[in-house]
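Trainee: File upload.csv follows (CSV, C-alpha atoms (C1' of nucleotides)):
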chain,number,residue,atom,x,y,z
A,13,MET,CA,209.6,37.0,155.7
A,14,ILE,CA,208.8,34.2,158.1
A,15,GLN,CA,210.9,34.2,161.2
A,16,GLU,CA,212.2,30.8,162.2
A,17,GLY,CA,212.4,31.7,165.9
A,18,GLN,CA,208.8,32.7,166.6
A,19,ARG,CA,206.5,30.0,165.3
A,20,GLU,CA,203.2,31.7,164.7
A,21,GLU,CA,200.1,29.6,165.3
A,22,LEU,CA,197.8,30.9,162.6
A,23,SER,CA,194.1,30.4,163.3
A,24,THR,CA,192.0,29.4,160.3
A,25,GLU,CA,190.3,32.7,160.9
A,26,THR,CA,193.4,34.7,160.3
A,27,ARG,CA,194.5,32.5,157.5
A,28,SER,CA,191.3,32.9,155.6
A,29,LEU,CA,191.2,36.7,156.2
A,30,ARG,CA,194.7,36.9,154.7
A,31,ALA,CA,193.8,34.7,151.8
A,32,SER,CA,190.9,36.9,151.0
A,33,GLY,CA,193.1,39.9,150.6
A,34,LEU,CA,191.0,41.9,153.1
A,35,THR,CA,194.0,42.4,155.4
A,36,ASP,CA,195.7,44.3,152.6
A,37,GLU,CA,192.8,46.7,152.2
A,38,ILE,CA,192.9,50.0,154.0
A,39,GLY,CA,189.1,50.1,154.3
A,40,PHE,CA,188.8,46.8,156.1
A,41,LEU,CA,191.8,47.5,158.3
A,42,ILE,CA,190.6,51.0,159.4
A,43,ALA,CA,187.1,49.7,160.1
A,44,ARG,CA,188.4,47.0,162.2
A,45,ALA,CA,191.0,49.2,163.9
A,46,LYS,CA,188.2,51.6,164.7
A,47,LEU,CA,186.3,48.8,166.5
A,48,VAL,CA,189.3,47.9,168.6
A,49,THR,CA,190.4,51.4,169.4
A,50,LEU,CA,187.0,52.8,170.3
A,51,GLU,CA,186.4,49.9,172.5
A,52,LEU,CA,189.4,50.9,174.5
A,53,VAL,CA,188.4,54.5,174.5
A,54,ASP,CA,184.9,53.6,175.8
A,55,GLU,CA,186.6,51.7,178.5
A,56,GLN,CA,188.6,54.7,179.6
A,57,LEU,CA,185.7,57.0,179.4
A,58,GLU,CA,183.3,54.8,181.3
A,59,GLU,CA,184.5,55.9,184.8
A,60,PHE,CA,183.8,59.5,183.9
A,61,GLY,CA,180.3,58.8,182.7
A,62,LEU,CA,181.2,60.0,179.2
A,63,LYS,CA,180.7,58.6,175.8
A,64,ARG,CA,182.9,59.3,172.7
A,65,GLN,CA,180.7,62.0,171.4
A,66,SER,CA,180.0,63.7,174.7
A,67,TYR,CA,183.7,63.6,175.4
A,68,ALA,CA,184.6,65.2,172.1
A,69,THR,CA,181.9,67.8,172.5
A,70,LEU,CA,183.2,68.6,176.0
A,71,SER,CA,186.7,68.8,174.7
A,72,LEU,CA,185.7,71.4,172.1
A,73,ALA,CA,183.7,73.3,174.7
A,74,CYS,CA,186.9,73.6,176.8
A,75,THR,CA,188.7,75.7,174.1
A,76,GLU,CA,188.8,79.5,174.2
A,77,TYR,CA,186.7,79.7,171.0
A,78,GLY,CA,183.1,80.0,171.9
A,79,LEU,CA,181.7,77.7,169.3
A,80,THR,CA,178.1,77.6,168.5
A,81,GLN,CA,176.1,74.3,168.3
A,82,ARG,CA,176.3,74.6,164.5
A,83,GLU,CA,180.0,74.9,164.5
A,84,LEU,CA,180.4,72.1,167.0
A,85,ALA,CA,178.3,69.8,164.9
A,86,ALA,CA,180.3,70.6,161.8
A,87,SER,CA,183.6,70.1,163.7
A,88,LEU,CA,182.5,66.7,165.0
A,89,LYS,CA,180.6,65.6,161.9
A,90,VAL,CA,177.5,65.1,163.9
A,91,ASP,CA,174.0,66.1,162.9
A,92,PRO,CA,173.0,69.2,164.8
A,93,SER,CA,169.8,67.4,165.9
A,94,ARG,CA,172.0,64.7,167.5
A,95,LEU,CA,174.0,67.3,169.4
A,96,VAL,CA,170.9,68.5,171.2
A,97,ALA,CA,170.7,65.4,173.3
A,98,ILE,CA,174.4,65.4,173.9
A,99,LEU,CA,174.4,68.9,175.2
A,100,ASP,CA,171.3,68.3,177.2
A,101,GLU,CA,173.1,65.6,179.1
A,102,LEU,CA,176.3,67.6,179.5
A,103,GLN,CA,174.4,70.6,180.7
A,104,GLY,CA,172.3,68.5,183.0
A,105,ARG,CA,175.6,67.5,184.7
A,106,ASN,CA,176.7,71.1,184.8
A,107,LEU,CA,179.7,70.4,182.6
A,108,VAL,CA,178.8,72.9,179.9
A,109,VAL,CA,176.4,75.9,179.5
A,110,ARG,CA,174.5,77.2,176.6
A,111,GLU,CA,175.0,80.9,176.3
A,112,VAL,CA,172.9,83.0,174.0
A,113,ASP,CA,175.3,84.6,171.5
A,114,PRO,CA,174.9,88.3,171.9
A,115,ALA,CA,175.9,88.9,168.3
A,116,ASP,CA,173.2,86.5,167.0
A,117,ARG,CA,170.5,85.5,169.3
A,118,ARG,CA,169.6,82.5,167.3
A,119,SER,CA,172.9,80.8,168.1
A,120,ARG,CA,174.0,79.4,171.4
A,121,THR,CA,177.7,79.3,172.2
A,122,ILE,CA,178.8,76.4,174.2
A,123,ARG,CA,181.3,76.8,177.0
A,124,ALA,CA,182.6,74.3,179.5
A,125,THR,CA,182.1,75.1,183.2
A,126,ASP,CA,185.0,74.7,185.7
A,127,ALA,CA,183.7,71.3,186.6
A,128,GLY,CA,183.6,70.4,182.9
A,129,ARG,CA,187.1,71.5,182.4
A,130,GLN,CA,188.3,69.5,185.3
A,131,LEU,CA,186.5,66.4,184.2
A,132,CYS,CA,187.7,66.8,180.7
A,133,ALA,CA,191.3,67.1,181.8
A,134,GLN,CA,191.1,63.9,183.7
A,135,ALA,CA,189.3,62.1,180.9
A,136,ALA,CA,191.8,63.3,178.3
A,137,GLU,CA,194.6,61.9,180.4
A,138,SER,CA,192.9,58.5,180.4
A,139,VAL,CA,192.1,58.6,176.8
A,140,ARG,CA,195.7,59.4,175.8
A,141,ARG,CA,196.6,56.1,177.4
A,142,VAL,CA,194.9,54.3,174.6
A,143,GLU,CA,197.7,55.3,172.2
A,144,GLU,CA,200.2,53.7,174.5
A,145,LEU,CA,198.2,50.5,174.6
A,146,LEU,CA,198.0,50.3,170.9
A,147,LEU,CA,201.3,51.6,169.7
A,148,GLY,CA,203.4,51.2,172.8
A,149,GLU,CA,205.8,48.8,171.3
A,150,ILE,CA,206.4,50.8,168.1
A,151,PRO,CA,209.4,53.1,168.0
A,152,ALA,CA,208.6,56.8,168.4
A,153,GLY,CA,209.7,57.7,164.9
A,154,GLU,CA,207.2,55.3,163.3
A,155,ARG,CA,204.5,56.4,165.8
A,156,ALA,CA,204.8,59.9,164.6
A,157,THR,CA,204.5,58.7,161.0
A,158,ILE,CA,201.4,56.7,161.8
A,159,MET,CA,199.7,59.5,163.7
A,160,GLY,CA,200.6,61.9,160.9
A,161,ALA,CA,199.1,59.6,158.4
A,162,LEU,CA,195.9,59.2,160.4
A,163,ARG,CA,195.7,63.0,160.6
A,164,ARG,CA,196.1,63.2,156.9
A,165,ILE,CA,193.5,60.6,156.2
A,166,ALA,CA,191.1,62.1,158.7
A,167,PHE,CA,191.4,65.6,157.3
A,168,PRO,CA,191.8,65.2,153.6
A,169,SER,CA,193.1,67.5,150.8
A,170,PRO,CA,192.5,71.1,151.8
A,171,ARG,CA,192.8,71.0,155.6
A,172,PRO,CA,195.4,69.5,157.9
B,5,MET,CA,207.4,74.0,162.6
B,6,ILE,CA,205.5,76.5,160.5
B,7,GLN,CA,206.8,76.7,156.9
B,8,GLU,CA,207.2,80.2,155.7
B,9,GLY,CA,206.6,79.2,152.1
B,10,GLN,CA,203.2,77.6,152.3
B,11,ARG,CA,200.8,79.9,154.1
B,12,GLU,CA,198.2,77.6,155.6
B,13,GLU,CA,194.7,79.1,155.9
B,14,LEU,CA,193.4,77.6,159.1
B,15,SER,CA,189.7,77.5,159.4
B,16,THR,CA,188.3,78.2,162.8
B,17,GLU,CA,187.1,74.6,162.7
B,18,THR,CA,190.5,73.2,162.3
B,19,ARG,CA,191.9,75.7,164.8
B,20,SER,CA,189.5,74.7,167.6
B,21,LEU,CA,190.0,71.0,166.9
B,22,ARG,CA,193.7,71.4,167.4
B,23,ALA,CA,193.3,73.5,170.5
B,24,SER,CA,191.0,70.9,172.0
B,25,GLY,CA,193.8,68.3,171.6
B,26,LEU,CA,191.5,65.9,169.8
B,27,THR,CA,193.7,65.9,166.8
B,28,ASP,CA,196.4,64.3,168.9
B,29,GLU,CA,194.2,61.5,170.1
B,30,ILE,CA,194.3,58.2,168.3
B,31,GLY,CA,190.7,57.4,169.0
B,32,PHE,CA,189.4,60.6,167.5
B,33,LEU,CA,191.7,60.3,164.5
B,34,ILE,CA,190.8,56.7,163.7
B,35,ALA,CA,187.1,57.4,164.1
B,36,ARG,CA,187.3,60.2,161.7
B,37,ALA,CA,189.6,58.4,159.3
B,38,LYS,CA,187.1,55.6,159.3
B,39,LEU,CA,184.4,58.0,158.2
B,40,VAL,CA,186.5,59.4,155.3
B,41,THR,CA,187.8,56.0,154.2
B,42,LEU,CA,184.6,54.1,154.2
B,43,GLU,CA,182.9,56.8,152.3
B,44,LEU,CA,185.4,56.3,149.6
B,45,VAL,CA,185.0,52.5,149.8
B,46,ASP,CA,181.2,52.8,149.5
B,47,GLU,CA,181.7,55.0,146.5
B,48,GLN,CA,183.8,52.4,144.8
B,49,LEU,CA,181.5,49.5,145.7
B,50,GLU,CA,178.3,51.2,144.6
B,51,GLU,CA,178.7,50.4,140.9
B,52,PHE,CA,178.9,46.7,141.9
B,53,GLY,CA,175.8,46.8,144.0
B,54,LEU,CA,177.7,45.8,147.0
B,55,LYS,CA,178.0,47.2,150.5
B,56,ARG,CA,181.0,46.9,152.9
B,57,GLN,CA,179.7,43.9,154.7
B,58,SER,CA,178.5,42.0,151.6
B,59,TYR,CA,181.8,42.8,149.9
B,60,ALA,CA,183.8,41.5,152.8
B,61,THR,CA,181.6,38.4,153.0
B,62,LEU,CA,182.0,37.8,149.3
B,63,SER,CA,185.7,38.2,149.6
B,64,LEU,CA,185.9,35.5,152.3
B,65,ALA,CA,183.6,33.2,150.3
B,66,CYS,CA,186.1,33.4,147.4
B,67,THR,CA,188.9,31.7,149.4
B,68,GLU,CA,189.6,28.1,149.2
B,69,TYR,CA,188.5,27.5,152.8
B,70,GLY,CA,184.9,26.5,152.9
B,71,LEU,CA,183.9,28.7,155.8
B,72,THR,CA,180.7,28.1,157.7
B,73,GLN,CA,178.4,31.0,158.5
B,74,ARG,CA,179.5,30.8,162.1
B,75,GLU,CA,183.2,31.2,161.1
B,76,LEU,CA,182.3,33.9,158.6
B,77,ALA,CA,180.5,35.9,161.3
B,78,ALA,CA,183.4,35.5,163.7
B,79,SER,CA,185.9,36.6,161.1
B,80,LEU,CA,183.9,39.7,160.1
B,81,LYS,CA,182.8,40.4,163.7
B,82,VAL,CA,179.2,40.4,162.6
B,83,ASP,CA,176.4,38.8,164.5
B,84,PRO,CA,175.4,35.5,162.8
B,85,SER,CA,171.8,36.7,162.6
B,86,ARG,CA,172.9,39.7,160.6
B,87,LEU,CA,174.8,37.5,158.2
B,88,VAL,CA,171.6,35.7,157.2
B,89,ALA,CA,170.3,38.8,155.4
B,90,ILE,CA,173.7,39.4,153.8
B,91,LEU,CA,173.9,35.9,152.5
B,92,ASP,CA,170.3,35.9,151.3
B,93,GLU,CA,171.1,38.9,149.2
B,94,LEU,CA,174.3,37.5,147.8
B,95,GLN,CA,172.7,34.1,147.1
B,96,GLY,CA,169.8,35.8,145.5
B,97,ARG,CA,172.2,37.4,143.0
B,98,ASN,CA,173.9,34.0,142.5
B,99,LEU,CA,177.2,35.3,143.9
B,100,VAL,CA,177.5,32.7,146.6
B,101,VAL,CA,175.9,29.3,147.5
B,102,ARG,CA,175.1,27.8,150.8
B,103,GLU,CA,176.3,24.2,150.8
B,104,VAL,CA,175.3,21.7,153.5
B,105,ASP,CA,178.5,20.7,155.3
B,106,PRO,CA,178.7,16.9,154.8
B,107,ALA,CA,180.7,16.6,158.0
B,108,ASP,CA,178.1,18.5,160.1
B,109,ARG,CA,174.7,18.9,158.6
B,110,ARG,CA,173.9,21.8,160.9
B,111,SER,CA,176.5,24.0,159.3
B,112,ARG,CA,176.4,25.6,155.9
B,113,THR,CA,179.7,26.3,154.1
B,114,ILE,CA,179.6,29.4,152.0
B,115,ARG,CA,181.3,29.3,148.6
B,116,ALA,CA,181.4,31.9,145.9
B,117,THR,CA,180.1,31.1,142.5
B,118,ASP,CA,182.1,31.9,139.3
B,119,ALA,CA,180.0,35.0,138.9
B,120,GLY,CA,180.8,35.9,142.5
B,121,ARG,CA,184.5,35.4,142.0
B,122,GLN,CA,184.4,37.5,138.9
B,123,LEU,CA,182.5,40.4,140.6
B,124,CYS,CA,184.7,40.2,143.7
B,125,ALA,CA,187.8,40.5,141.6
B,126,GLN,CA,186.5,43.6,139.9
B,127,ALA,CA,185.3,45.1,143.1
B,128,ALA,CA,188.6,44.4,144.9
B,129,GLU,CA,190.5,46.2,142.2
B,130,SER,CA,188.3,49.3,142.7
B,131,VAL,CA,188.5,49.1,146.5
B,132,ARG,CA,192.3,48.9,146.4
B,133,ARG,CA,192.3,52.3,144.6
B,134,VAL,CA,191.1,53.8,147.9
B,135,GLU,CA,194.6,53.3,149.4
B,136,GLU,CA,196.0,55.2,146.5
B,137,LEU,CA,193.6,58.1,147.0
B,138,LEU,CA,194.4,58.3,150.7
B,139,LEU,CA,198.1,57.5,150.9
B,140,GLY,CA,199.2,58.2,147.3
B,141,GLU,CA,201.5,61.0,148.2
B,142,ILE,CA,203.2,59.2,151.0
B,143,PRO,CA,206.5,57.4,150.2
B,144,ALA,CA,206.2,53.6,149.9
B,145,GLY,CA,208.3,53.0,152.9
B,146,GLU,CA,206.1,55.0,155.2
B,147,ARG,CA,203.0,53.5,153.6
B,148,ALA,CA,204.2,50.0,154.6
B,149,THR,CA,204.7,51.3,158.1
B,150,ILE,CA,201.2,52.7,158.2
B,151,MET,CA,199.5,49.6,156.8
B,152,GLY,CA,201.5,47.4,159.2
B,153,ALA,CA,200.5,49.6,162.2
B,154,LEU,CA,196.8,49.4,161.1
B,155,ARG,CA,197.1,45.6,160.9
B,156,ARG,CA,198.6,45.5,164.4
B,157,ILE,CA,195.9,47.7,165.8
B,158,ALA,CA,193.1,45.8,164.0
B,159,PHE,CA,194.4,42.4,165.1
B,160,PRO,CA,195.7,42.9,168.7
B,161,SER,CA,197.9,40.9,170.9
B,162,PRO,CA,197.7,37.2,169.9
B,163,ARG,CA,197.0,37.5,166.2
B,164,PRO,CA,198.7,39.4,163.5
C,18,DC,C1',171.5,3.0,172.3
C,19,DA,C1',168.6,6.4,174.6
C,20,DG,C1',168.8,10.9,176.3
C,21,DC,C1',170.5,15.2,177.0
C,22,DA,C1',173.4,19.2,176.6
C,23,DA,C1',175.5,21.9,173.1
C,24,DC,C1',175.8,23.9,168.6
C,25,DC,C1',174.1,25.6,163.9
C,26,DG,C1',171.3,28.7,161.1
C,27,DT,C1',167.2,31.4,161.4
C,28,DT,C1',163.5,34.4,163.1
C,29,DG,C1',161.8,38.0,165.9
C,30,DA,C1',161.8,41.8,169.1
C,31,DT,C1',164.2,45.5,171.2
C,32,DT,C1',167.3,49.2,171.2
C,33,DA,C1',170.4,52.7,169.4
C,34,DC,C1',172.1,55.7,165.8
C,35,DT,C1',171.9,58.5,161.2
C,36,DG,C1',169.9,61.4,158.1
C,37,DC,C1',166.1,64.2,156.7
C,38,DA,C1',162.1,67.3,156.8
C,39,DA,C1',159.7,70.7,159.3
C,40,DC,C1',158.8,74.2,162.9
C,41,DG,C1',159.2,78.7,165.7
C,42,DA,C1',162.5,82.2,166.6
C,43,DT,C1',165.7,85.4,164.8
C,44,DT,C1',168.6,87.6,161.4
C,45,DG,C1',170.1,90.2,157.3
C,46,DC,C1',169.1,91.9,153.0
C,47,DG,C1',166.7,94.3,149.4
D,29,DC,C1',158.8,96.6,155.9
D,30,DG,C1',158.9,92.0,154.0
D,31,DC,C1',161.2,87.8,152.6
D,32,DA,C1',164.6,84.4,152.3
D,33,DA,C1',167.9,82.2,155.1
D,34,DT,C1',169.8,80.5,159.4
D,35,DC,C1',169.8,78.5,164.3
D,36,DG,C1',168.3,75.2,167.6
D,37,DT,C1',164.9,71.9,168.3
D,38,DT,C1',161.5,68.1,167.5
D,39,DG,C1',159.8,64.2,165.3
D,40,DC,C1',160.1,60.5,161.9
D,41,DA,C1',162.0,56.8,158.8
D,42,DG,C1',165.6,53.7,157.6
D,43,DT,C1',169.5,50.9,159.1
D,44,DA,C1',172.2,48.4,162.0
D,45,DA,C1',173.7,46.0,166.7
D,46,DT,C1',172.2,43.0,170.3
D,47,DC,C1',169.8,39.4,172.4
D,48,DA,C1',166.5,35.6,173.3
D,49,DA,C1',164.3,31.7,171.4
D,50,DC,C1',163.3,27.8,168.3
D,51,DG,C1',163.8,23.6,165.1
D,52,DG,C1',167.2,20.7,163.3
D,53,DT,C1',171.5,18.2,164.2
D,54,DT,C1',175.5,16.5,166.7
D,55,DG,C1',178.2,14.2,170.1
D,56,DC,C1',178.8,12.8,174.7
D,57,DT,C1',177.4,9.8,178.5
D,58,DG,C1',175.4,6.8,181.1
Show this structure as structure tokens.
Mentor:
Amino acid sequence: MIQEGQREELSTETRSLRASGLTDEIGFLIARAKLVTLELVDEQLEEFGLKRQSYATLSLACTEYGLTQRELAASLKVDPSRLVAILDELQGRNLVVREVDPADRRSRTIRATDAGRQLCAQAAESVRRVEELLLGEIPAGERATIMGALRRIAFPSPRP
Amino acid sequence: MIQEGQREELSTETRSLRASGLTDEIGFLIARAKLVTLELVDEQLEEFGLKRQSYATLSLACTEYGLTQRELAASLKVDPSRLVAILDELQGRNLVVREVDPADRRSRTIRATDAGRQLCAQAAESVRRVEELLLGEIPAGERATIMGALRRIAFPSPRP
DNA sequence: CAGCAACCGTTGATTACTGCAACGATTGCG
DNA sequence: CGCAATCGTTGCAGTAATCAACGGTTGCTG
């Protein structure tokens, strides 16, 4: 188990975390991994003036499906009321538009503008770099396993 | 790619998420996996009257290292001021005690009581069930890969 | 050994985010 | 037509994250 070659200096912090058993629990690991990962994502998004949620919203708005705010909120697991502010900001920057759904005038379908699409494409490229930063040294086969497992966890039983 | 045998009913929600590319981004996946996972963890902890942070704190208090509040806060990436309320609650339930560090009377070393150890052991057993729920159908070898990757992401460059 | 900067736990204020109820506008159904 | 349900929106309450400040304590330094 312990490599002779690379002597690992274990901080008391790491040692106690291991002794507590927390580093064997998936909940603790995912919570912590989320902190680290999203910090990197935020870093990448900063230059585009986007935050995680506005970026995710913009990404969905770039698809061909004309999603309503309700659908958007459900997809992103965000409260519809929270989405209002996000869309206000995106629309204020002319990245998306709210179109009245002709089929149901209560709903607004959200679509990205050309500027929105362009910005989203650039941001997506930056965001994808995070995976490289985090899993760069891991062989491609294992990386696929990991991403697949995350997908499975993120979208449980019925849906992939 | 697409299995003939199992016809997958794709909801428009899943379809649009895929089309947006978000399901290929590690940031989105981890954020979402964290939501799902911690919901299960909370569920398991509820019967013990613990929340994530108090459980993690209690876990660390159960180790042989007599950690100070400062060290605890650093290990859990929680603000020291936030830890005060957590410890107040745990101490109020006689699960931990604050001992004045004889070496440095400014510091308080946190230790679990016998009751605290007992409760933590029970809670830990429940919490570990979450991994089974999430990764139960995945072969053991891949599970080890996944947990290892999470550890690597959660504790970047210098520390394992 | 006196004094001073630094550190510890704690308090308090400020800010941000989540979840929930309620509202007008609109729809679909009976 | 009338009524329940839905959509976007607003506002509010509870919770957490961040930061400054303070008394008590330590250790360094002159």
Trainee: Using only C-alpha atoms (C1' of nucleotides), which residues sit within 12 Å of D:DT37 once same-chain residues fewer than 4 positions away are excluded, as number ranges by chain?
Mentor: A: 81, 92-97, 100, 118-119; C: 39-42
Trainee: Separation of atom CA of A:Glu76 and atom CA of B:Leu33, in Å?
Mentor: 21.7 Å
Trainee: Fit chain B to chain A: least squares, all C-alpha atoms, paired in order; write the output as a short mmCIF file (atom, residue, chain, number, x, y, z; two decimals) with C-alpha atoms, in the frame of the given file.
Mentor:
data_model
loop_
_atom_site.label_atom_id
_atom_site.label_comp_id
_atom_site.auth_asym_id
_atom_site.auth_seq_id
_atom_site.Cartn_x
_atom_site.Cartn_y
_atom_site.Cartn_z
CA MET B 5 209.58 36.64 155.53
CA ILE B 6 208.76 33.92 158.02
CA GLN B 7 211.02 34.03 161.12
CA GLU B 8 212.30 30.68 162.10
CA GLY B 9 212.56 31.66 165.74
CA GLN B 10 209.02 32.68 166.51
CA ARG B 11 206.63 29.97 165.40
CA GLU B 12 203.37 31.77 164.72
CA GLU B 13 200.22 29.71 165.36
CA LEU B 14 197.87 30.89 162.67
CA SER B 15 194.26 30.37 163.40
CA THR B 16 192.12 29.36 160.51
CA GLU B 17 190.42 32.72 161.00
CA THR B 18 193.52 34.67 160.48
CA ARG B 19 194.57 32.36 157.64
CA SER B 20 191.36 32.88 155.63
CA LEU B 21 191.42 36.63 156.24
CA ARG B 22 194.85 36.83 154.73
CA ALA B 23 193.97 34.61 151.82
CA SER B 24 190.95 36.75 151.06
CA GLY B 25 193.28 39.79 150.73
CA LEU B 26 191.20 41.83 153.14
CA THR B 27 194.11 42.27 155.41
CA ASP B 28 195.83 44.23 152.68
CA GLU B 29 192.95 46.60 152.19
CA ILE B 30 193.00 49.92 153.96
CA GLY B 31 189.26 50.10 154.29
CA PHE B 32 188.97 46.77 156.03
CA LEU B 33 191.92 47.52 158.28
CA ILE B 34 190.70 50.95 159.37
CA ALA B 35 187.20 49.64 159.99
CA ARG B 36 188.51 46.98 162.19
CA ALA B 37 191.05 49.19 163.90
CA LYS B 38 188.22 51.55 164.64
CA LEU B 39 186.36 48.77 166.39
CA VAL B 40 189.37 47.81 168.57
CA THR B 41 190.34 51.40 169.34
CA LEU B 42 187.00 52.75 170.26
CA GLU B 43 186.35 49.86 172.50
CA LEU B 44 189.38 50.84 174.41
CA VAL B 45 188.32 54.52 174.41
CA ASP B 46 184.85 53.61 175.73
CA GLU B 47 186.51 51.60 178.44
CA GLN B 48 188.54 54.55 179.54
CA LEU B 49 185.64 57.01 179.37
CA GLU B 50 183.19 54.84 181.27
CA GLU B 51 184.45 55.80 184.73
CA PHE B 52 183.75 59.45 183.79
CA GLY B 53 180.26 58.79 182.62
CA LEU B 54 181.07 60.00 179.23
CA LYS B 55 180.62 58.58 175.76
CA ARG B 56 182.76 59.30 172.63
CA GLN B 57 180.54 62.00 171.32
CA SER B 58 179.94 63.76 174.67
CA TYR B 59 183.66 63.56 175.38
CA ALA B 60 184.55 65.09 172.06
CA THR B 61 181.90 67.78 172.54
CA LEU B 62 183.19 68.54 175.99
CA SER B 63 186.68 68.74 174.68
CA LEU B 64 185.69 71.36 172.08
CA ALA B 65 183.68 73.31 174.68
CA CYS B 66 186.87 73.60 176.78
CA THR B 67 188.70 75.68 174.12
CA GLU B 68 188.82 79.35 174.19
CA TYR B 69 186.69 79.66 171.04
CA GLY B 70 183.09 80.06 171.95
CA LEU B 71 181.71 77.64 169.40
CA THR B 72 178.06 77.66 168.46
CA GLN B 73 176.14 74.40 168.27
CA ARG B 74 176.16 74.68 164.51
CA GLU B 75 180.00 74.92 164.45
CA LEU B 76 180.28 72.18 167.05
CA ALA B 77 178.17 69.84 164.91
CA ALA B 78 180.19 70.64 161.81
CA SER B 79 183.45 70.04 163.60
CA LEU B 80 182.34 66.68 165.05
CA LYS B 81 180.43 65.71 161.88
CA VAL B 82 177.32 65.15 163.93
CA ASP B 83 173.88 66.22 162.90
CA PRO B 84 172.86 69.36 164.88
CA SER B 85 169.70 67.59 166.04
CA ARG B 86 171.79 64.87 167.60
CA LEU B 87 173.88 67.41 169.42
CA VAL B 88 170.83 68.69 171.30
CA ALA B 89 170.60 65.47 173.33
CA ILE B 90 174.36 65.48 173.92
CA LEU B 91 174.33 69.00 175.18
CA ASP B 92 171.25 68.44 177.33
CA GLU B 93 173.07 65.67 179.07
CA LEU B 94 176.26 67.61 179.56
CA GLN B 95 174.38 70.72 180.74
CA GLY B 96 172.35 68.61 183.04
CA ARG B 97 175.57 67.50 184.75
CA ASN B 98 176.76 71.14 184.83
CA LEU B 99 179.71 70.36 182.55
CA VAL B 100 178.83 72.90 179.93
CA VAL B 101 176.51 75.97 179.57
CA ARG B 102 174.60 77.23 176.64
CA GLU B 103 175.14 80.97 176.38
CA VAL B 104 173.04 83.20 174.11
CA ASP B 105 175.41 84.66 171.52
CA PRO B 106 175.11 88.46 172.02
CA ALA B 107 176.08 88.99 168.40
CA ASP B 108 173.35 86.64 167.06
CA ARG B 109 170.61 85.73 169.43
CA ARG B 110 169.70 82.67 167.38
CA SER B 111 172.96 80.97 168.16
CA ARG B 112 174.07 79.47 171.42
CA THR B 113 177.80 79.37 172.23
CA ILE B 114 178.79 76.35 174.22
CA ARG B 115 181.32 76.82 177.02
CA ALA B 116 182.58 74.35 179.54
CA THR B 117 182.15 75.02 183.18
CA ASP B 118 185.06 74.64 185.69
CA ALA B 119 183.69 71.25 186.60
CA GLY B 120 183.61 70.40 182.90
CA ARG B 121 187.17 71.51 182.37
CA GLN B 122 188.27 69.51 185.34
CA LEU B 123 186.48 66.29 184.17
CA CYS B 124 187.68 66.76 180.59
CA ALA B 125 191.25 67.03 181.75
CA GLN B 126 190.99 63.81 183.68
CA ALA B 127 189.22 62.04 180.91
CA ALA B 128 191.74 63.23 178.28
CA GLU B 129 194.58 61.84 180.32
CA SER B 130 192.87 58.40 180.39
CA VAL B 131 191.98 58.53 176.68
CA ARG B 132 195.58 59.35 175.74
CA ARG B 133 196.63 56.05 177.40
CA VAL B 134 194.84 54.29 174.53
CA GLU B 135 197.66 55.31 172.14
CA GLU B 136 200.09 53.74 174.50
CA LEU B 137 198.16 50.48 174.62
CA LEU B 138 197.94 50.31 170.84
CA LEU B 139 201.25 51.70 169.65
CA GLY B 140 203.40 51.29 172.79
CA GLU B 141 205.79 48.88 171.24
CA ILE B 142 206.34 50.86 168.12
CA PRO B 143 209.39 53.19 168.02
CA ALA B 144 208.56 56.90 168.46
CA GLY B 145 209.63 57.76 165.01
CA GLU B 146 207.24 55.36 163.37
CA ARG B 147 204.50 56.38 165.78
CA ALA B 148 204.78 60.00 164.56
CA THR B 149 204.51 58.70 161.03
CA ILE B 150 201.40 56.74 161.87
CA MET B 151 199.66 59.56 163.75
CA GLY B 152 200.53 61.99 160.93
CA ALA B 153 199.13 59.58 158.28
CA LEU B 154 195.89 59.20 160.36
CA ARG B 155 195.60 63.00 160.54
CA ARG B 156 196.05 63.25 156.77
CA ILE B 157 193.47 60.60 156.12
CA ALA B 158 191.00 62.07 158.66
CA PHE B 159 191.37 65.60 157.31
CA PRO B 160 191.69 65.22 153.48
CA SER B 161 192.84 67.50 150.80
CA PRO B 162 192.32 71.14 151.89
CA ARG B 163 192.72 70.83 155.63
CA PRO B 164 195.38 69.31 157.72
#
Trainee: Please provide as a count of residues only all residues within 9 Å of stretch 39-43 of chain D, with the sequence filter that same-chain residues fewer than 2 positions apart are discarded (counting all atoms listed in the file).
Mentor: 6
Trainee: Would you mind listing, as a PDB file with C-alpha atoms (C1' of nucleotides), in the frame of the given file, all residues of chain C that have at least one atom within 12 Å of chain B, where all atoms listed in the file are what counts?
Mentor:
ATOM      1  C1'  DC C  24     175.800  23.900 168.600  1.00  0.00           C
ATOM      2  C1'  DC C  25     174.100  25.600 163.900  1.00  0.00           C
ATOM      3  C1'  DG C  26     171.300  28.700 161.100  1.00  0.00           C
ATOM      4  C1'  DT C  27     167.200  31.400 161.400  1.00  0.00           C
ATOM      5  C1'  DT C  28     163.500  34.400 163.100  1.00  0.00           C
ATOM      6  C1'  DG C  29     161.800  38.000 165.900  1.00  0.00           C
TER       7       DG C  29
END
Trainee: Mind listing as a list of chain:residue names which residues of chain D are within 10 Å of chain B, counting all atoms listed in the file?
Mentor: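 Close to chain B, chain D has D:DA44, D:DA45, D:DT46, D:DG52, D:DT53, D:DT54.
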Trainee: With distances taken over all atoms listed in the file, which of B:Leu44, B:Val101, B:Ala158, B:Leu62 is nearest to chain A?
Mentor: B:Ala158
Trainee: Can you work out which residues from chain B touch chain A at a cut-off of 8 Å (counting all atoms listed in the file) and hand them back as an NGL selection string?
Mentor: :B and (14 or 17-18 or 20-21 or 23-31 or 33-42 or 45 or 60 or 63-64 or 66-67 or 69 or 75 or 78-79 or 131-132 or 134-135 or 138-139 or 146 or 149-151 or 153-155 or 157-159 or 163-164)
